[in-house]
$ cat protein.cif   # mmCIF, C-alpha atoms, pLDDT in the B column; chains and numbers go by the auth columns
data_data
loop_
_atom_site.group_PDB
_atom_site.id
_atom_site.type_symbol
_atom_site.label_atom_id
_atom_site.label_comp_id
_atom_site.label_asym_id
_atom_site.label_seq_id
_atom_site.Cartn_x
_atom_site.Cartn_y
_atom_site.Cartn_z
_atom_site.B_iso_or_equiv
_atom_site.auth_seq_id
_atom_site.auth_asym_id
ATOM 1 C CA SER A 1 30.321 -74.825 -23.885 44.00 1 Z
ATOM 2 C CA GLU A 2 32.312 -77.714 -22.388 45.00 2 Z
ATOM 3 C CA GLN A 3 33.964 -80.069 -24.884 44.00 3 Z
ATOM 4 C CA CYS A 4 33.541 -83.772 -24.169 48.00 4 Z
ATOM 5 C CA PHE A 5 36.445 -85.676 -25.755 46.00 5 Z
ATOM 6 C CA PRO A 6 39.632 -84.491 -27.403 49.00 6 Z
ATOM 7 C CA PHE A 7 38.800 -86.350 -30.612 45.00 7 Z
ATOM 8 C CA TYR A 8 35.341 -84.757 -30.765 45.00 8 Z
ATOM 9 C CA ARG A 9 36.598 -81.210 -30.382 49.00 9 Z
ATOM 10 C CA THR A 10 33.630 -79.659 -32.121 50.00 10 Z
ATOM 11 C CA VAL A 11 30.913 -81.602 -30.259 50.00 11 Z
ATOM 12 C CA PRO A 12 29.640 -80.163 -26.938 56.00 12 Z
ATOM 13 C CA CYS A 13 29.231 -82.566 -24.031 57.00 13 Z
ATOM 14 C CA ASP A 14 25.465 -82.064 -23.834 58.00 14 Z
ATOM 15 C CA ALA A 15 25.058 -83.004 -27.473 55.00 15 Z
ATOM 16 C CA MET A 16 27.311 -86.055 -27.143 56.00 16 Z
ATOM 17 C CA ARG A 17 25.482 -87.193 -24.005 60.00 17 Z
ATOM 18 C CA GLY A 18 22.149 -86.937 -25.812 60.00 18 Z
ATOM 19 C CA LEU A 19 23.401 -89.023 -28.707 58.00 19 Z
ATOM 20 C CA LEU A 20 24.733 -91.724 -26.378 58.00 20 Z
ATOM 21 C CA LEU A 21 21.467 -91.896 -24.417 61.00 21 Z
ATOM 22 C CA ALA A 22 19.434 -92.212 -27.610 59.00 22 Z
ATOM 23 C CA TRP A 23 21.657 -95.025 -28.864 55.00 23 Z
ATOM 24 C CA CYS A 24 21.392 -96.889 -25.550 54.00 24 Z
ATOM 25 C CA ALA A 25 17.609 -96.625 -25.657 55.00 25 Z
ATOM 26 C CA LEU A 26 17.582 -98.212 -29.096 53.00 26 Z
ATOM 27 C CA LEU A 27 19.818 -101.065 -27.964 53.00 27 Z
ATOM 28 C CA VAL A 28 17.755 -101.779 -24.856 50.00 28 Z
ATOM 29 C CA GLY A 29 14.482 -101.654 -26.724 51.00 29 Z
ATOM 30 C CA GLY A 30 15.813 -103.908 -29.457 47.00 30 Z
ATOM 31 C CA ALA A 31 14.589 -101.505 -32.113 43.00 31 Z
ATOM 32 C CA ARG A 32 16.226 -101.539 -35.503 41.00 32 Z
ATOM 33 C CA PRO A 33 14.576 -98.756 -37.496 38.00 33 Z
ATOM 34 C CA SER A 34 16.415 -99.386 -40.752 39.00 34 Z
ATOM 35 C CA MET A 35 15.513 -103.074 -40.782 34.00 35 Z
ATOM 36 C CA GLN A 36 11.891 -102.300 -39.965 38.00 36 Z
ATOM 37 C CA ALA A 37 11.679 -99.822 -42.816 36.00 37 Z
ATOM 38 C CA ASN A 38 13.126 -102.348 -45.226 39.00 38 Z
ATOM 39 C CA SER A 39 10.644 -105.020 -44.203 34.00 39 Z
ATOM 40 C CA LEU A 40 7.729 -102.620 -44.627 33.00 40 Z
ATOM 41 C CA ASN A 41 8.851 -101.548 -48.085 35.00 41 Z
ATOM 42 C CA ALA A 42 9.731 -105.030 -49.329 34.00 42 Z
ATOM 43 C CA ASP A 43 7.542 -106.300 -52.171 32.00 43 Z
ATOM 44 C CA THR A 44 6.614 -109.863 -51.263 37.00 44 Z
ATOM 45 C CA ARG A 45 4.542 -110.537 -54.376 32.00 45 Z
ATOM 46 C CA PRO A 46 5.834 -113.637 -56.210 44.00 46 Z
ATOM 47 C CA ASN A 47 5.713 -111.858 -59.583 45.00 47 Z
ATOM 48 C CA ALA A 48 6.918 -108.460 -58.390 45.00 48 Z
ATOM 49 C CA PHE A 49 9.286 -108.084 -61.323 54.00 49 Z
ATOM 50 C CA ARG A 50 7.117 -109.658 -64.006 72.00 50 Z
ATOM 51 C CA CYS A 51 4.453 -108.043 -66.137 82.00 51 Z
ATOM 52 C CA PRO A 52 0.970 -109.534 -65.775 77.00 52 Z
ATOM 53 C CA ASN A 53 -0.446 -111.724 -68.489 73.00 53 Z
ATOM 54 C CA ASN A 54 -2.066 -109.624 -71.209 79.00 54 Z
ATOM 55 C CA GLU A 55 -4.441 -111.796 -73.229 84.00 55 Z
ATOM 56 C CA LEU A 56 -5.292 -108.964 -75.618 86.00 56 Z
ATOM 57 C CA ALA A 57 -1.639 -108.437 -76.516 88.00 57 Z
ATOM 58 C CA ARG A 58 -1.068 -112.193 -76.711 88.00 58 Z
ATOM 59 C CA THR A 59 -3.908 -112.604 -79.213 89.00 59 Z
ATOM 60 C CA ALA A 60 -2.583 -109.693 -81.271 89.00 60 Z
ATOM 61 C CA LEU A 61 0.921 -111.158 -81.416 88.00 61 Z
ATOM 62 C CA GLN A 62 -0.519 -114.472 -82.571 88.00 62 Z
ATOM 63 C CA LYS A 63 -2.302 -112.649 -85.398 89.00 63 Z
ATOM 64 C CA LEU A 64 1.061 -111.202 -86.366 87.00 64 Z
ATOM 65 C CA GLY A 65 2.364 -114.741 -86.827 85.00 65 Z
ATOM 66 C CA LEU A 66 4.122 -115.426 -83.527 83.00 66 Z
ATOM 67 C CA GLU A 67 3.573 -119.017 -82.416 83.00 67 Z
ATOM 68 C CA SER A 68 1.440 -119.180 -79.281 81.00 68 Z
ATOM 69 C CA ASP A 69 3.441 -121.993 -77.679 83.00 69 Z
ATOM 70 C CA LYS A 70 6.611 -119.910 -77.975 81.00 70 Z
ATOM 71 C CA LEU A 71 5.185 -116.795 -76.354 87.00 71 Z
ATOM 72 C CA PRO A 72 6.374 -116.411 -72.735 88.00 72 Z
ATOM 73 C CA GLU A 73 3.912 -115.713 -69.938 86.00 73 Z
ATOM 74 C CA ASP A 74 5.518 -112.303 -69.605 88.00 74 Z
ATOM 75 C CA LEU A 75 5.278 -111.028 -73.186 88.00 75 Z
ATOM 76 C CA CYS A 76 7.728 -108.245 -72.405 89.00 76 Z
ATOM 77 C CA THR A 77 10.553 -110.802 -72.223 89.00 77 Z
ATOM 78 C CA HIS A 78 10.074 -111.796 -75.874 87.00 78 Z
ATOM 79 C CA PRO A 79 13.030 -110.636 -78.037 87.00 79 Z
ATOM 80 C CA SER A 80 10.695 -108.970 -80.552 86.00 80 Z
ATOM 81 C CA VAL A 81 8.890 -106.977 -77.879 90.00 81 Z
ATOM 82 C CA GLY A 82 10.052 -103.995 -75.862 92.00 82 Z
ATOM 83 C CA CYS A 83 8.118 -102.644 -72.881 92.00 83 Z
ATOM 84 C CA GLU A 84 8.058 -99.770 -70.443 92.00 84 Z
ATOM 85 C CA ASP A 85 5.952 -100.170 -67.306 89.00 85 Z
ATOM 86 C CA CYS A 86 4.551 -103.368 -68.855 88.00 86 Z
ATOM 87 C CA ARG A 87 3.205 -101.463 -71.870 91.00 87 Z
ATOM 88 C CA VAL A 88 4.402 -102.495 -75.332 93.00 88 Z
ATOM 89 C CA VAL A 89 6.461 -99.669 -76.855 95.00 89 Z
ATOM 90 C CA ARG A 90 8.488 -101.610 -79.443 95.00 90 Z
ATOM 91 C CA LEU A 91 7.731 -104.368 -81.950 93.00 91 Z
ATOM 92 C CA GLU A 92 10.495 -105.575 -84.267 91.00 92 Z
ATOM 93 C CA LEU A 93 9.229 -108.660 -86.047 83.00 93 Z
ATOM 94 C CA LYS A 94 11.225 -111.233 -87.990 73.00 94 Z
ATOM 95 C CA ALA A 95 11.149 -111.428 -91.770 69.00 95 Z
ATOM 96 C CA TRP A 96 9.557 -114.888 -91.845 70.00 96 Z
ATOM 97 C CA LEU A 97 6.332 -113.835 -90.123 79.00 97 Z
ATOM 98 C CA ASN A 98 3.209 -113.957 -92.280 81.00 98 Z
ATOM 99 C CA GLY A 99 0.445 -112.565 -90.106 86.00 99 Z
ATOM 100 C CA THR A 100 -2.029 -109.776 -90.696 89.00 100 Z
ATOM 101 C CA MET A 101 -2.146 -106.075 -89.901 91.00 101 Z
ATOM 102 C CA GLU A 102 -5.554 -106.600 -88.303 90.00 102 Z
ATOM 103 C CA ALA A 103 -3.619 -107.418 -85.142 89.00 103 Z
ATOM 104 C CA PHE A 104 -3.265 -103.670 -84.568 90.00 104 Z
ATOM 105 C CA GLN A 105 -6.976 -102.963 -84.670 87.00 105 Z
ATOM 106 C CA ALA A 106 -8.679 -102.096 -81.399 81.00 106 Z
ATOM 107 C CA VAL A 107 -11.003 -104.723 -79.929 76.00 107 Z
ATOM 108 C CA ASP A 108 -14.075 -103.150 -78.324 73.00 108 Z
ATOM 109 C CA SER A 109 -12.247 -99.805 -78.481 75.00 109 Z
ATOM 110 C CA VAL A 110 -9.290 -101.279 -76.557 80.00 110 Z
ATOM 111 C CA SER A 111 -5.841 -101.817 -78.051 84.00 111 Z
ATOM 112 C CA PRO A 112 -2.745 -103.353 -76.431 87.00 112 Z
ATOM 113 C CA PHE A 113 -0.519 -101.134 -78.567 92.00 113 Z
ATOM 114 C CA THR A 114 -1.622 -97.613 -77.638 91.00 114 Z
ATOM 115 C CA ALA A 115 1.868 -96.914 -76.229 94.00 115 Z
ATOM 116 C CA LEU A 116 3.698 -98.355 -79.256 96.00 116 Z
ATOM 117 C CA ARG A 117 6.461 -95.997 -80.415 97.00 117 Z
ATOM 118 C CA ARG A 118 8.558 -98.205 -82.688 97.00 118 Z
ATOM 119 C CA LEU A 119 7.150 -100.650 -85.241 96.00 119 Z
ATOM 120 C CA SER A 120 9.377 -102.583 -87.631 94.00 120 Z
ATOM 121 C CA LEU A 121 7.842 -105.158 -89.974 91.00 121 Z
ATOM 122 C CA LYS A 122 10.583 -104.756 -92.576 92.00 122 Z
ATOM 123 C CA GLY A 123 10.845 -107.578 -95.097 91.00 123 Z
ATOM 124 C CA SER A 124 8.134 -109.681 -93.476 89.00 124 Z
ATOM 125 C CA ALA A 125 5.254 -111.346 -95.299 88.00 125 Z
ATOM 126 C CA LEU A 126 2.707 -109.443 -93.237 88.00 126 Z
ATOM 127 C CA SER A 127 -0.248 -108.144 -95.195 91.00 127 Z
ATOM 128 C CA GLY A 128 -3.256 -105.964 -94.557 93.00 128 Z
ATOM 129 C CA ASP A 129 -4.456 -102.397 -94.729 95.00 129 Z
ATOM 130 C CA LEU A 130 -2.815 -99.308 -93.264 95.00 130 Z
ATOM 131 C CA ARG A 131 -6.146 -98.413 -91.679 94.00 131 Z
ATOM 132 C CA SER A 132 -5.326 -100.918 -88.951 94.00 132 Z
ATOM 133 C CA LEU A 133 -2.701 -98.473 -87.667 94.00 133 Z
ATOM 134 C CA VAL A 134 -4.841 -95.360 -87.239 93.00 134 Z
ATOM 135 C CA ASN A 135 -5.073 -95.756 -83.445 92.00 135 Z
ATOM 136 C CA LEU A 136 -1.307 -96.021 -82.922 95.00 136 Z
ATOM 137 C CA THR A 137 -0.930 -92.297 -82.309 95.00 137 Z
ATOM 138 C CA ALA A 138 2.205 -92.712 -80.158 97.00 138 Z
ATOM 139 C CA LEU A 139 4.204 -94.134 -83.091 97.00 139 Z
ATOM 140 C CA GLU A 140 7.514 -92.409 -83.768 98.00 140 Z
ATOM 141 C CA VAL A 141 9.209 -94.950 -86.047 98.00 141 Z
ATOM 142 C CA MET A 142 7.459 -97.131 -88.635 97.00 142 Z
ATOM 143 C CA ASP A 143 9.223 -99.399 -91.109 96.00 143 Z
ATOM 144 C CA LEU A 144 6.987 -101.415 -93.442 95.00 144 Z
ATOM 145 C CA SER A 145 9.567 -101.721 -96.232 95.00 145 Z
ATOM 146 C CA GLY A 146 9.290 -104.802 -98.407 93.00 146 Z
ATOM 147 C CA THR A 147 5.977 -105.972 -96.968 92.00 147 Z
ATOM 148 C CA ALA A 148 2.663 -106.746 -98.648 92.00 148 Z
ATOM 149 C CA VAL A 149 0.948 -103.991 -96.683 94.00 149 Z
ATOM 150 C CA SER A 150 -1.505 -101.979 -98.770 96.00 150 Z
ATOM 151 C CA GLY A 151 -4.017 -99.185 -98.367 96.00 151 Z
ATOM 152 C CA ASN A 152 -4.106 -95.437 -98.743 97.00 152 Z
ATOM 153 C CA ILE A 153 -1.389 -93.344 -97.163 97.00 153 Z
ATOM 154 C CA THR A 154 -4.011 -90.904 -95.903 96.00 154 Z
ATOM 155 C CA SER A 155 -4.608 -93.403 -93.086 96.00 155 Z
ATOM 156 C CA LEU A 156 -1.339 -92.228 -91.537 97.00 156 Z
ATOM 157 C CA SER A 157 -2.152 -88.515 -91.484 96.00 157 Z
ATOM 158 C CA GLY A 158 -3.164 -88.665 -87.820 96.00 158 Z
ATOM 159 C CA LEU A 159 0.114 -90.154 -86.589 97.00 159 Z
ATOM 160 C CA ARG A 160 1.567 -86.746 -85.739 97.00 160 Z
ATOM 161 C CA LYS A 161 4.498 -88.068 -83.690 98.00 161 Z
ATOM 162 C CA LEU A 162 6.075 -89.970 -86.584 98.00 162 Z
ATOM 163 C CA ILE A 163 9.758 -89.162 -87.007 98.00 163 Z
ATOM 164 C CA SER A 164 10.652 -91.923 -89.465 98.00 164 Z
ATOM 165 C CA LEU A 165 8.358 -93.497 -92.075 98.00 165 Z
ATOM 166 C CA GLN A 166 9.669 -96.201 -94.413 97.00 166 Z
ATOM 167 C CA LEU A 167 7.259 -97.494 -97.075 97.00 167 Z
ATOM 168 C CA LYS A 168 9.726 -98.636 -99.737 96.00 168 Z
ATOM 169 C CA LYS A 169 8.534 -101.540 -101.910 96.00 169 Z
ATOM 170 C CA THR A 170 5.010 -101.669 -100.502 95.00 170 Z
ATOM 171 C CA GLN A 171 1.575 -101.623 -102.097 96.00 171 Z
ATOM 172 C CA VAL A 172 0.650 -98.425 -100.292 97.00 172 Z
ATOM 173 C CA GLU A 173 -0.834 -95.768 -102.551 97.00 173 Z
ATOM 174 C CA GLY A 174 -2.392 -92.329 -102.400 97.00 174 Z
ATOM 175 C CA ASP A 175 -1.393 -88.682 -102.506 97.00 175 Z
ATOM 176 C CA VAL A 176 1.881 -87.819 -100.790 96.00 176 Z
ATOM 177 C CA GLY A 177 0.343 -84.498 -99.768 96.00 177 Z
ATOM 178 C CA SER A 178 -1.691 -86.302 -97.108 96.00 178 Z
ATOM 179 C CA LEU A 179 1.522 -86.512 -95.074 97.00 179 Z
ATOM 180 C CA SER A 180 1.753 -82.728 -94.714 96.00 180 Z
ATOM 181 C CA PRO A 181 0.387 -82.773 -91.113 96.00 181 Z
ATOM 182 C CA LEU A 182 3.324 -84.959 -89.997 97.00 182 Z
ATOM 183 C CA THR A 183 5.563 -82.006 -89.190 97.00 183 Z
ATOM 184 C CA ALA A 184 7.850 -84.036 -86.887 97.00 184 Z
ATOM 185 C CA LEU A 185 8.881 -86.278 -89.804 97.00 185 Z
ATOM 186 C CA ARG A 186 12.633 -86.378 -90.413 98.00 186 Z
ATOM 187 C CA TRP A 187 13.094 -89.498 -92.544 98.00 187 Z
ATOM 188 C CA LEU A 188 10.733 -90.567 -95.335 97.00 188 Z
ATOM 189 C CA THR A 189 11.166 -93.298 -97.958 97.00 189 Z
ATOM 190 C CA LEU A 190 8.457 -93.966 -100.552 96.00 190 Z
ATOM 191 C CA ALA A 191 10.525 -95.495 -103.372 95.00 191 Z
ATOM 192 C CA LYS A 192 8.798 -98.250 -105.377 96.00 192 Z
ATOM 193 C CA SER A 193 5.480 -97.721 -103.616 96.00 193 Z
ATOM 194 C CA GLY A 194 2.217 -96.581 -105.168 96.00 194 Z
ATOM 195 C CA VAL A 195 2.359 -93.166 -103.507 97.00 195 Z
ATOM 196 C CA SER A 196 2.345 -90.240 -105.921 96.00 196 Z
ATOM 197 C CA GLY A 197 1.838 -86.486 -105.993 95.00 197 Z
ATOM 198 C CA ASP A 198 3.699 -83.206 -105.949 94.00 198 Z
ATOM 199 C CA VAL A 199 6.601 -83.041 -103.497 88.00 199 Z
ATOM 200 C CA GLN A 200 5.856 -79.345 -103.087 92.00 200 Z
ATOM 201 C CA SER A 201 2.888 -80.413 -100.994 94.00 201 Z
ATOM 202 C CA LEU A 202 5.408 -81.497 -98.354 93.00 202 Z
ATOM 203 C CA ALA A 203 6.716 -77.972 -97.837 94.00 203 Z
ATOM 204 C CA THR A 204 5.403 -78.040 -94.264 93.00 204 Z
ATOM 205 C CA LEU A 205 7.777 -80.887 -93.389 95.00 205 Z
ATOM 206 C CA THR A 206 10.698 -78.627 -92.579 96.00 206 Z
ATOM 207 C CA ALA A 207 12.429 -81.264 -90.419 95.00 207 Z
ATOM 208 C CA LEU A 208 12.904 -83.675 -93.349 94.00 208 Z
ATOM 209 C CA GLU A 209 16.507 -84.710 -93.946 91.00 209 Z
#

$ encode --input "protein.cif" --output "structure tokens"
Amino acid sequence: SEQCFPFYRTVPCDAMRGLLLAWCALLVGGARPSMQANSLNADTRPNAFRCPNNELARTALQKLGLESDKLPEDLCTHPSVGCEDCRVVRLELKAWLNGTMEAFQAVDSVSPFTALRRLSLKGSALSGDLRSLVNLTALEVMDLSGTAVSGNITSLSGLRKLISLQLKKTQVEGDVGSLSPLTALRWLTLAKSGVSGDVQSLATLTALE
């Protein structure tokens, strides 16, 4: 086929002519497809990049000892809170907090922490029973070392995704064998807690380091 221009040696004239006609039609019609697409896809919501207010989570954080007047409207911007898709996945609370573990209990079967994967209360003055954590089945890391948390360790037997469990210097008690279902567990510290029992009962925890 006939070649159109020397510098477009590989483009046939018919093809080049079609491209030029299409471009002229766009210019005459004033159409700007790329700009139109951008305007259609633009998110014009004023809070497009902010998580909505979650009163349930706000109340829970207050129970944990966080001052209400210092909690931002978007809780996910708080330094102690980590979120994914506006769901709380991380809580790392300061040592001076003196709230209660009841904050983790579901209210009317609803909990703001169902996606929580990392919980660190290390060295805080938080108190309460481990039973408050039974619904946090997404937990992978839990550090309650040096807290006044109490209760029976059997309450944690349903947290099958736990990789790290730190209960050093707590008032937690019970039979260590109740942790045998936690086969994903790699790190476990029970020193100076009330947990007792035969370590042979943990033979199923083959990932322990």

$ residues_around --input "protein.cif" --residues "segment 156-170 of chain Z" --least-positions-apart "5" --cutoff "6 Å" --atoms "all atoms listed in the file" --output "list in words"
Thr137, Leu139, Glu140, Val141, Met142, Asp143, Leu144, Ser145, Gly146, Thr147, Ala148, Leu179, Leu182, Ala184, Leu185, Arg186, Trp187, Leu188, Thr189, Leu190, Ala191, Lys192 and Ser193 of chain Z

$ closest_residue --input "protein.cif" --among "Z:Leu66, Z:Leu133, Z:Met101, Z:Leu56" --to "Val88 of chain Z" --atoms "all atoms listed in the file"
Z:Leu56

$ closest_residue --input "protein.cif" --among "Z:Ser68, Z:Ser155, Z:Ser178, Z:Thr183" --to "Val199 of chain Z" --atoms "only C-alpha atoms"
Z:Ser178

$ closest_residue --input "protein.cif" --among "Z:Asn152, Z:Asn54, Z:Ser180, Z:Ser120" --to "Cys76 of chain Z" --atoms "only C-alpha atoms"
Z:Asn54

$ resolve_selection --input "protein.cif" --expression "the PyMOL selection byres ((chain Z and resi 149) around 6)" --output "NGL selection string"
:Z and (127-129 or 147-148 or 150 or 171)

$ closest_residue --input "protein.cif" --among "Z:Leu91, Z:Cys83, Z:Leu116, Z:Leu205" --to "Leu61 of chain Z" --atoms "all atoms listed in the file"
Z:Leu91

$ residues_around --input "protein.cif" --residues "Ser80 of chain Z" --least-positions-apart "3" --cutoff "8 Å" --atoms "only C-alpha atoms" --output "list of chain:residue names"
Z:Arg90, Z:Leu91, Z:Glu92, Z:Leu93, Z:Lys94

$ residues_around --input "protein.cif" --residues "Arg87 of chain Z" --least-positions-apart "4" --cutoff "8 Å" --atoms "only C-alpha atoms" --output "ChimeraX atom specification"
/Z:83,112-113,115

$ closest_residue --input "protein.cif" --among "Z:Val134, Z:Cys86, Z:Leu64, Z:Ile153" --to "Leu121 of chain Z" --atoms "only C-alpha atoms"
Z:Leu64

$ resolve_selection --input "protein.cif" --expression "the PyMOL selection byres ((chain Z and resi 99) around 8)" --output "PyMOL selection string"
chain Z and resi 62-65+97-98+100-101+125-127

$ atom_distance --input "protein.cif" --atom1 "atom CA of Ser124 of chain Z" --atom2 "atom CA of Asp175 of chain Z"
24.8 Å

$ atom_distance --input "protein.cif" --atom1 "atom CA of Ala203 of chain Z" --atom2 "atom CA of Pro181 of chain Z"
10.4 Å

$ atom_distance --input "protein.cif" --atom1 "atom CA of Arg118 of chain Z" --atom2 "atom CA of Glu84 of chain Z"
12.4 Å

$ residues_around --input "protein.cif" --residues "Asp198 of chain Z" --least-positions-apart "4" --cutoff "8 Å" --atoms "only C-alpha atoms" --output "ChimeraX atom specification"
/Z:176-177,202
